[in-house]
Amino acid sequence: MNEARLPIPDPCQAALAAIEHNPLELSAEARAHLRGCPACAEAQVHWLALEEAPFALTPAGYFDRLPARILRKLPTRPGLLGRPSKLLWAAAALILMTGVGVSGFWLGQANRNPVVEATLPRNSSEAQELMPEAPFQENEDAMSQLSNLSQEEAEAVLKRLDAAQIGHP
């Protein structure tokens, strides 16, 4: 887009030259032209915006004394910021003693000897009474067990049964 620039009319060129020379002190012709030409009035505003304003001067030592002035304006409460109250110390002591007591209790519970101790039966008859039956096996009747014994073992079992029946009428 290479467009040719539009030519600037002569009155606008004269007003722009006056604005460029001093945007605050314009001739009567330039002021009259600015009332009728919005483009030139806008150019004067842009030139005025480009003017450098002088820096604001601060008194000597202003920034050195600023923190002290701010601190003087802040309210102070020596009772709340000074020392912790007696109630706070009492609450801290209570929490500390409770923690020590609870931890001592649990340490005592952890190191206590068990009350019940397991012991083995003293003789073999007690051990046989305590032994459970073998799990997952079908119960066999006495006759089938007797038929599986040899002749001598079967006679020994029968003698025991007779002796047990004689002892208990």
# chains A, B, ... in the order shown; residues from 1 in each chain; ligands from 1

call {"tool": "residues_around", "arguments": {"residues": "segment 46-58 of chain A", "least_positions_apart": "6", "cutoff": "10 Å", "atoms": "only C-alpha atoms", "output": "PyMOL selection string"}}
result
chain A and resi 16+19-20+22-24+40

call {"tool": "write_last_selection", "arguments": {"atoms": "C-alpha atoms", "output": "short mmCIF file (atom, residue, chain, number, x, y, z; two decimals), in the first residue's frame"}}
result
data_model
loop_
_atom_site.label_atom_id
_atom_site.label_comp_id
_atom_site.auth_asym_id
_atom_site.auth_seq_id
_atom_site.Cartn_x
_atom_site.Cartn_y
_atom_site.Cartn_z
CA LEU A 16 1.80 23.96 12.33
CA ILE A 19 2.76 25.45 16.98
CA GLU A 20 6.18 23.89 16.46
CA ASN A 22 5.92 27.73 20.64
CA PRO A 23 2.63 25.88 21.24
CA LEU A 24 1.62 28.20 24.13
CA CYS A 40 -4.43 21.57 13.71
#

call {"tool": "residues_around", "arguments": {"residues": "Ala17 of chain A", "least_positions_apart": "4", "cutoff": "12 Å", "atoms": "only C-alpha atoms", "output": "list in words"}}
result
Asp10, Pro11, Cys12, Gln13, His21, Asn22, Pro23, Leu26, Ser27, Ala30, Cys40, Ala43, Gln44 and Trp47 of chain A

call {"tool": "write_last_selection", "arguments": {"atoms": "all heavy atoms", "output": "compact mmCIF listing (two decimals), in the first residue's frame"}}
result
# COMPACT_ATOMS: atom_id res chain seq x y z
N ASP A 10 -1.84 25.60 2.78
CA ASP A 10 -0.93 26.63 3.25
C ASP A 10 -1.31 27.18 4.63
O ASP A 10 -0.42 27.37 5.48
CB ASP A 10 -0.85 27.79 2.24
CG ASP A 10 -0.12 27.35 0.97
OD1 ASP A 10 0.71 26.42 1.09
OD2 ASP A 10 -0.37 27.95 -0.08
N PRO A 11 -2.61 27.47 4.94
CA PRO A 11 -2.92 27.97 6.28
C PRO A 11 -2.57 26.95 7.35
O PRO A 11 -2.11 27.31 8.45
CB PRO A 11 -4.42 28.24 6.25
CG PRO A 11 -4.83 28.23 4.83
CD PRO A 11 -3.77 27.50 4.07
N CYS A 12 -2.75 25.64 7.07
CA CYS A 12 -2.42 24.59 8.06
C CYS A 12 -0.91 24.51 8.24
O CYS A 12 -0.43 24.31 9.37
CB CYS A 12 -2.96 23.23 7.61
SG CYS A 12 -4.75 23.10 7.73
N GLN A 13 -0.14 24.70 7.14
CA GLN A 13 1.32 24.66 7.27
C GLN A 13 1.82 25.82 8.12
O GLN A 13 2.71 25.67 8.95
CB GLN A 13 1.97 24.71 5.88
CG GLN A 13 1.89 23.40 5.14
CD GLN A 13 2.59 23.49 3.78
OE1 GLN A 13 3.12 24.55 3.39
NE2 GLN A 13 2.60 22.37 3.08
N HIS A 21 7.03 26.12 16.81
CA HIS A 21 7.91 27.13 17.39
C HIS A 21 7.60 27.33 18.87
O HIS A 21 8.50 27.27 19.71
CB HIS A 21 7.78 28.45 16.61
CG HIS A 21 8.60 29.55 17.18
ND1 HIS A 21 9.97 29.52 17.20
CD2 HIS A 21 8.24 30.72 17.78
CE1 HIS A 21 10.42 30.60 17.78
NE2 HIS A 21 9.38 31.37 18.14
N ASN A 22 6.33 27.58 19.24
CA ASN A 22 5.92 27.73 20.64
C ASN A 22 4.42 27.44 20.72
O ASN A 22 3.60 28.26 20.33
CB ASN A 22 6.21 29.16 21.12
CG ASN A 22 6.01 29.27 22.63
OD1 ASN A 22 5.58 28.33 23.28
ND2 ASN A 22 6.32 30.45 23.18
N PRO A 23 4.05 26.25 21.25
CA PRO A 23 2.63 25.88 21.24
C PRO A 23 1.79 26.71 22.21
O PRO A 23 0.57 26.74 22.09
CB PRO A 23 2.64 24.42 21.63
CG PRO A 23 3.94 24.15 22.25
CD PRO A 23 4.90 25.19 21.75
N LEU A 26 0.75 31.62 20.52
CA LEU A 26 0.44 31.59 19.09
C LEU A 26 0.00 32.98 18.63
O LEU A 26 -0.57 33.76 19.41
CB LEU A 26 -0.66 30.57 18.80
CG LEU A 26 -0.34 29.10 19.13
CD1 LEU A 26 -1.56 28.24 18.93
CD2 LEU A 26 0.79 28.61 18.26
N SER A 27 0.20 33.23 17.37
CA SER A 27 -0.24 34.50 16.79
C SER A 27 -1.76 34.49 16.65
O SER A 27 -2.41 33.45 16.76
CB SER A 27 0.43 34.72 15.43
OG SER A 27 0.00 33.72 14.54
N ALA A 30 -2.91 32.23 13.80
CA ALA A 30 -2.84 30.79 14.14
C ALA A 30 -3.99 30.40 15.07
O ALA A 30 -4.61 29.34 14.90
CB ALA A 30 -1.51 30.46 14.76
N CYS A 40 -5.49 20.72 13.16
CA CYS A 40 -4.43 21.57 13.71
C CYS A 40 -4.58 21.74 15.21
O CYS A 40 -3.58 21.81 15.95
CB CYS A 40 -4.43 22.92 13.00
SG CYS A 40 -3.90 22.81 11.26
N ALA A 43 -3.10 18.76 16.74
CA ALA A 43 -1.64 18.83 16.66
C ALA A 43 -1.08 19.69 17.80
O ALA A 43 -0.03 19.37 18.38
CB ALA A 43 -1.21 19.37 15.31
N GLN A 44 -1.79 20.80 18.14
CA GLN A 44 -1.34 21.64 19.25
C GLN A 44 -1.39 20.85 20.57
O GLN A 44 -0.47 20.95 21.39
CB GLN A 44 -2.20 22.90 19.36
CG GLN A 44 -1.71 23.80 20.48
CD GLN A 44 -2.69 24.92 20.81
OE1 GLN A 44 -3.86 24.83 20.48
NE2 GLN A 44 -2.17 25.94 21.47
N TRP A 47 1.61 18.55 20.73
CA TRP A 47 2.84 19.28 21.03
C TRP A 47 2.89 19.65 22.51
O TRP A 47 3.94 19.59 23.14
CB TRP A 47 2.94 20.54 20.17
CG TRP A 47 3.58 20.25 18.84
CD1 TRP A 47 2.95 20.09 17.67
CD2 TRP A 47 4.97 20.08 18.59
NE1 TRP A 47 3.83 19.82 16.67
CE2 TRP A 47 5.10 19.82 17.22
CE3 TRP A 47 6.11 20.13 19.37
CZ2 TRP A 47 6.33 19.61 16.62
CZ3 TRP A 47 7.33 19.93 18.77
CH2 TRP A 47 7.43 19.66 17.41

call {"tool": "select_by_dssp", "arguments": {"residues": "segment 27-80 of chain A", "states": "helix (DSSP H, G or I)", "output": "mmCIF file with N, CA, C and O atoms, in the first residue's frame"}}
result
data_model
loop_
_atom_site.group_PDB
_atom_site.id
_atom_site.type_symbol
_atom_site.label_atom_id
_atom_site.label_comp_id
_atom_site.auth_asym_id
_atom_site.auth_seq_id
_atom_site.Cartn_x
_atom_site.Cartn_y
_atom_site.Cartn_z
ATOM 1 N N ALA A 28 -2.338 35.646 16.401
ATOM 2 C CA ALA A 28 -3.798 35.769 16.267
ATOM 3 C C ALA A 28 -4.282 34.981 15.064
ATOM 4 O O ALA A 28 -5.356 34.363 15.101
ATOM 5 N N GLU A 29 -3.511 35.006 13.959
ATOM 6 C CA GLU A 29 -3.907 34.238 12.770
ATOM 7 C C GLU A 29 -3.937 32.743 13.083
ATOM 8 O O GLU A 29 -4.843 32.031 12.669
ATOM 9 N N ALA A 30 -2.911 32.228 13.803
ATOM 10 C CA ALA A 30 -2.844 30.793 14.136
ATOM 11 C C ALA A 30 -3.989 30.396 15.070
ATOM 12 O O ALA A 30 -4.611 29.343 14.903
ATOM 13 N N ARG A 31 -4.315 31.272 16.055
ATOM 14 C CA ARG A 31 -5.437 30.955 16.961
ATOM 15 C C ARG A 31 -6.752 30.941 16.211
ATOM 16 O O ARG A 31 -7.595 30.081 16.461
ATOM 17 N N ALA A 32 -6.941 31.810 15.299
ATOM 18 C CA ALA A 32 -8.168 31.826 14.502
ATOM 19 C C ALA A 32 -8.255 30.564 13.650
ATOM 20 O O ALA A 32 -9.337 29.978 13.479
ATOM 21 N N HIS A 33 -7.114 30.157 13.094
ATOM 22 C CA HIS A 33 -7.113 28.936 12.283
ATOM 23 C C HIS A 33 -7.430 27.698 13.148
ATOM 24 O O HIS A 33 -8.146 26.802 12.706
ATOM 25 N N LEU A 34 -6.894 27.631 14.384
ATOM 26 C CA LEU A 34 -7.133 26.470 15.266
ATOM 27 C C LEU A 34 -8.608 26.354 15.647
ATOM 28 O O LEU A 34 -9.098 25.249 15.860
ATOM 29 N N ARG A 35 -9.352 27.484 15.727
ATOM 30 C CA ARG A 35 -10.776 27.411 16.055
ATOM 31 C C ARG A 35 -11.556 26.724 14.937
ATOM 32 O O ARG A 35 -12.541 26.064 15.196
ATOM 33 N N GLY A 36 -11.102 26.841 13.707
ATOM 34 C CA GLY A 36 -11.837 26.268 12.587
ATOM 35 C C GLY A 36 -11.278 24.942 12.100
ATOM 36 O O GLY A 36 -11.951 24.208 11.378
ATOM 37 N N PRO A 38 -9.983 21.288 13.153
ATOM 38 C CA PRO A 38 -9.785 20.328 14.244
ATOM 39 C C PRO A 38 -8.450 19.573 14.147
ATOM 40 O O PRO A 38 -7.870 19.191 15.158
ATOM 41 N N ALA A 39 -7.917 19.357 12.958
ATOM 42 C CA ALA A 39 -6.647 18.625 12.812
ATOM 43 C C ALA A 39 -5.499 19.428 13.406
ATOM 44 O O ALA A 39 -4.631 18.886 14.112
ATOM 45 N N CYS A 40 -5.489 20.724 13.157
ATOM 46 C CA CYS A 40 -4.425 21.567 13.706
ATOM 47 C C CYS A 40 -4.580 21.736 15.210
ATOM 48 O O CYS A 40 -3.583 21.809 15.953
ATOM 49 N N ALA A 41 -5.821 21.780 15.724
ATOM 50 C CA ALA A 41 -6.046 21.874 17.167
ATOM 51 C C ALA A 41 -5.533 20.614 17.872
ATOM 52 O O ALA A 41 -4.932 20.670 18.950
ATOM 53 N N GLU A 42 -5.741 19.491 17.226
ATOM 54 C CA GLU A 42 -5.232 18.228 17.782
ATOM 55 C C GLU A 42 -3.706 18.213 17.766
ATOM 56 O O GLU A 42 -3.064 17.738 18.699
ATOM 57 N N ALA A 43 -3.097 18.758 16.744
ATOM 58 C CA ALA A 43 -1.636 18.827 16.664
ATOM 59 C C ALA A 43 -1.083 19.685 17.796
ATOM 60 O O ALA A 43 -0.034 19.367 18.377
ATOM 61 N N GLN A 44 -1.790 20.798 18.140
ATOM 62 C CA GLN A 44 -1.337 21.635 19.251
ATOM 63 C C GLN A 44 -1.386 20.851 20.565
ATOM 64 O O GLN A 44 -0.474 20.946 21.393
ATOM 65 N N VAL A 45 -2.449 20.036 20.761
ATOM 66 C CA VAL A 45 -2.550 19.229 21.988
ATOM 67 C C VAL A 45 -1.400 18.231 22.065
ATOM 68 O O VAL A 45 -0.795 18.024 23.125
ATOM 69 N N HIS A 46 -1.056 17.619 20.942
ATOM 70 C CA HIS A 46 0.066 16.661 20.931
ATOM 71 C C HIS A 46 1.384 17.360 21.255
ATOM 72 O O HIS A 46 2.207 16.818 21.993
ATOM 73 N N TRP A 47 1.615 18.549 20.734
ATOM 74 C CA TRP A 47 2.839 19.278 21.030
ATOM 75 C C TRP A 47 2.887 19.646 22.511
ATOM 76 O O TRP A 47 3.939 19.594 23.137
ATOM 77 N N LEU A 48 1.756 20.033 23.064
ATOM 78 C CA LEU A 48 1.731 20.375 24.490
ATOM 79 C C LEU A 48 2.007 19.153 25.362
ATOM 80 O O LEU A 48 2.636 19.253 26.417
ATOM 81 N N ALA A 49 1.546 17.986 24.918
ATOM 82 C CA ALA A 49 1.795 16.754 25.677
ATOM 83 C C ALA A 49 3.265 16.370 25.648
ATOM 84 O O ALA A 49 3.764 15.713 26.571
ATOM 85 N N LEU A 50 3.978 16.771 24.606
ATOM 86 C CA LEU A 50 5.396 16.430 24.488
ATOM 87 C C LEU A 50 6.286 17.331 25.327
ATOM 88 O O LEU A 50 7.458 17.024 25.539
ATOM 89 N N TYR A 62 13.653 14.558 53.190
ATOM 90 C CA TYR A 62 12.250 14.120 53.247
ATOM 91 C C TYR A 62 12.167 12.594 53.341
ATOM 92 O O TYR A 62 11.480 12.048 54.193
ATOM 93 N N PHE A 63 12.869 11.902 52.468
ATOM 94 C CA PHE A 63 12.775 10.443 52.442
ATOM 95 C C PHE A 63 13.564 9.804 53.578
ATOM 96 O O PHE A 63 13.298 8.668 53.948
ATOM 97 N N ASP A 64 14.523 10.514 54.146
ATOM 98 C CA ASP A 64 15.258 9.985 55.296
ATOM 99 C C ASP A 64 14.387 9.958 56.545
ATOM 100 O O ASP A 64 14.499 9.054 57.367
ATOM 101 N N ARG A 65 13.532 10.955 56.699
ATOM 102 C CA ARG A 65 12.672 11.031 57.889
ATOM 103 C C ARG A 65 11.318 10.360 57.694
ATOM 104 O O ARG A 65 10.513 10.293 58.629
ATOM 105 N N LEU A 66 11.029 9.871 56.508
ATOM 106 C CA LEU A 66 9.711 9.295 56.212
ATOM 107 C C LEU A 66 9.368 8.088 57.103
ATOM 108 O O LEU A 66 8.269 8.034 57.655
ATOM 109 N N PRO A 67 10.245 7.081 57.306
ATOM 110 C CA PRO A 67 9.875 5.944 58.159
ATOM 111 C C PRO A 67 9.530 6.356 59.585
ATOM 112 O O PRO A 67 8.575 5.844 60.174
ATOM 113 N N ALA A 68 10.263 7.293 60.138
ATOM 114 C CA ALA A 68 9.982 7.726 61.518
ATOM 115 C C ALA A 68 8.631 8.431 61.592
ATOM 116 O O ALA A 68 7.872 8.238 62.553
ATOM 117 N N ARG A 69 8.294 9.233 60.583
ATOM 118 C CA ARG A 69 6.990 9.900 60.584
ATOM 119 C C ARG A 69 5.849 8.906 60.480
ATOM 120 O O ARG A 69 4.812 9.069 61.126
ATOM 121 N N ILE A 70 6.019 7.874 59.682
ATOM 122 C CA ILE A 70 4.963 6.856 59.539
ATOM 123 C C ILE A 70 4.797 6.096 60.844
ATOM 124 O O ILE A 70 3.674 5.846 61.297
ATOM 125 N N LEU A 71 5.897 5.718 61.493
ATOM 126 C CA LEU A 71 5.807 4.982 62.755
ATOM 127 C C LEU A 71 5.157 5.814 63.856
ATOM 128 O O LEU A 71 4.456 5.280 64.717
ATOM 129 N N ARG A 72 5.361 7.126 63.866
ATOM 130 C CA ARG A 72 4.717 7.978 64.872
ATOM 131 C C ARG A 72 3.210 8.015 64.702
ATOM 132 O O ARG A 72 2.467 8.174 65.654
ATOM 133 N N LYS A 73 2.748 7.860 63.464
ATOM 134 C CA LYS A 73 1.312 7.926 63.205
ATOM 135 C C LYS A 73 0.593 6.621 63.524
ATOM 136 O O LYS A 73 -0.621 6.605 63.678
ATOM 137 N N PRO A 78 0.933 -1.256 74.118
ATOM 138 C CA PRO A 78 2.014 -1.946 74.830
ATOM 139 C C PRO A 78 1.515 -3.146 75.629
ATOM 140 O O PRO A 78 2.251 -4.091 75.831
ATOM 141 N N GLY A 79 0.256 -3.156 76.085
ATOM 142 C CA GLY A 79 -0.247 -4.278 76.880
ATOM 143 C C GLY A 79 -0.350 -5.557 76.069
ATOM 144 O O GLY A 79 -0.055 -6.638 76.555
ATOM 145 N N LEU A 80 -0.753 -5.458 74.808
ATOM 146 C CA LEU A 80 -0.925 -6.651 73.991
ATOM 147 C C LEU A 80 0.376 -7.091 73.341
ATOM 148 O O LEU A 80 0.597 -8.275 73.125
#

call {"tool": "atom_distance", "arguments": {"atom1": "atom CA of Ser85 of chain A", "atom2": "atom CA of Gly99 of chain A"}}
result
21.7 Å

call {"tool": "atom_distance", "arguments": {"atom1": "atom CA of Gly101 of chain A", "atom2": "atom CA of Trp89 of chain A"}}
result
18.3 Å

call {"tool": "decode", "arguments": {"residues": "segment 59-116 of chain A", "atoms": "C-alpha atoms", "output": "PDB file, in the first residue's frame"}}
result
ATOM      1  CA  PRO A  59      12.579  19.127  50.877  1.00  0.00           C
ATOM      2  CA  ALA A  60      16.032  17.978  51.909  1.00  0.00           C
ATOM      3  CA  GLY A  61      15.917  14.810  54.055  1.00  0.00           C
ATOM      4  CA  TYR A  62      12.250  14.120  53.247  1.00  0.00           C
ATOM      5  CA  PHE A  63      12.775  10.443  52.442  1.00  0.00           C
ATOM      6  CA  ASP A  64      15.258   9.985  55.296  1.00  0.00           C
ATOM      7  CA  ARG A  65      12.672  11.031  57.889  1.00  0.00           C
ATOM      8  CA  LEU A  66       9.711   9.295  56.212  1.00  0.00           C
ATOM      9  CA  PRO A  67       9.875   5.944  58.159  1.00  0.00           C
ATOM     10  CA  ALA A  68       9.982   7.726  61.518  1.00  0.00           C
ATOM     11  CA  ARG A  69       6.990   9.900  60.584  1.00  0.00           C
ATOM     12  CA  ILE A  70       4.963   6.856  59.539  1.00  0.00           C
ATOM     13  CA  LEU A  71       5.807   4.982  62.755  1.00  0.00           C
ATOM     14  CA  ARG A  72       4.717   7.978  64.872  1.00  0.00           C
ATOM     15  CA  LYS A  73       1.312   7.926  63.205  1.00  0.00           C
ATOM     16  CA  LEU A  74       0.677   4.218  63.900  1.00  0.00           C
ATOM     17  CA  PRO A  75      -1.187   3.388  67.126  1.00  0.00           C
ATOM     18  CA  THR A  76       0.625   1.334  69.744  1.00  0.00           C
ATOM     19  CA  ARG A  77      -0.733  -1.058  72.373  1.00  0.00           C
ATOM     20  CA  PRO A  78       2.014  -1.946  74.830  1.00  0.00           C
ATOM     21  CA  GLY A  79      -0.247  -4.278  76.880  1.00  0.00           C
ATOM     22  CA  LEU A  80      -0.925  -6.651  73.991  1.00  0.00           C
ATOM     23  CA  LEU A  81       2.469  -6.519  72.296  1.00  0.00           C
ATOM     24  CA  GLY A  82       4.716  -6.321  75.364  1.00  0.00           C
ATOM     25  CA  ARG A  83       4.511  -9.440  77.534  1.00  0.00           C
ATOM     26  CA  PRO A  84       2.388 -12.579  77.367  1.00  0.00           C
ATOM     27  CA  SER A  85      -0.304 -12.665  80.021  1.00  0.00           C
ATOM     28  CA  LYS A  86      -0.424 -15.041  83.000  1.00  0.00           C
ATOM     29  CA  LEU A  87      -3.376 -16.837  81.453  1.00  0.00           C
ATOM     30  CA  LEU A  88      -1.290 -17.665  78.388  1.00  0.00           C
ATOM     31  CA  TRP A  89       1.504 -19.093  80.579  1.00  0.00           C
ATOM     32  CA  ALA A  90      -1.021 -21.178  82.543  1.00  0.00           C
ATOM     33  CA  ALA A  91      -2.548 -22.579  79.339  1.00  0.00           C
ATOM     34  CA  ALA A  92       0.913 -23.467  77.992  1.00  0.00           C
ATOM     35  CA  ALA A  93       1.828 -25.245  81.246  1.00  0.00           C
ATOM     36  CA  LEU A  94      -1.460 -27.180  81.224  1.00  0.00           C
ATOM     37  CA  ILE A  95      -0.911 -28.328  77.646  1.00  0.00           C
ATOM     38  CA  LEU A  96       2.658 -29.365  78.433  1.00  0.00           C
ATOM     39  CA  MET A  97       1.693 -31.357  81.543  1.00  0.00           C
ATOM     40  CA  THR A  98      -1.196 -33.045  79.736  1.00  0.00           C
ATOM     41  CA  GLY A  99       1.124 -34.079  76.903  1.00  0.00           C
ATOM     42  CA  VAL A 100       3.688 -35.496  79.333  1.00  0.00           C
ATOM     43  CA  GLY A 101       1.026 -37.389  81.292  1.00  0.00           C
ATOM     44  CA  VAL A 102      -0.643 -38.925  78.241  1.00  0.00           C
ATOM     45  CA  SER A 103       2.663 -39.947  76.656  1.00  0.00           C
ATOM     46  CA  GLY A 104       3.800 -41.511  79.953  1.00  0.00           C
ATOM     47  CA  PHE A 105       0.546 -43.463  80.199  1.00  0.00           C
ATOM     48  CA  TRP A 106       0.882 -44.848  76.679  1.00  0.00           C
ATOM     49  CA  LEU A 107       4.548 -45.744  77.214  1.00  0.00           C
ATOM     50  CA  GLY A 108       3.553 -47.631  80.357  1.00  0.00           C
ATOM     51  CA  GLN A 109       0.860 -49.502  78.462  1.00  0.00           C
ATOM     52  CA  ALA A 110       3.282 -50.463  75.703  1.00  0.00           C
ATOM     53  CA  ASN A 111       5.916 -51.917  78.067  1.00  0.00           C
ATOM     54  CA  ARG A 112       3.548 -53.788  80.384  1.00  0.00           C
ATOM     55  CA  ASN A 113       3.974 -57.563  80.706  1.00  0.00           C
ATOM     56  CA  PRO A 114       1.047 -59.672  79.498  1.00  0.00           C
ATOM     57  CA  VAL A 115      -1.336 -60.888  82.210  1.00  0.00           C
ATOM     58  CA  VAL A 116      -2.095 -64.311  80.673  1.00  0.00           C
TER      59      VAL A 116
END
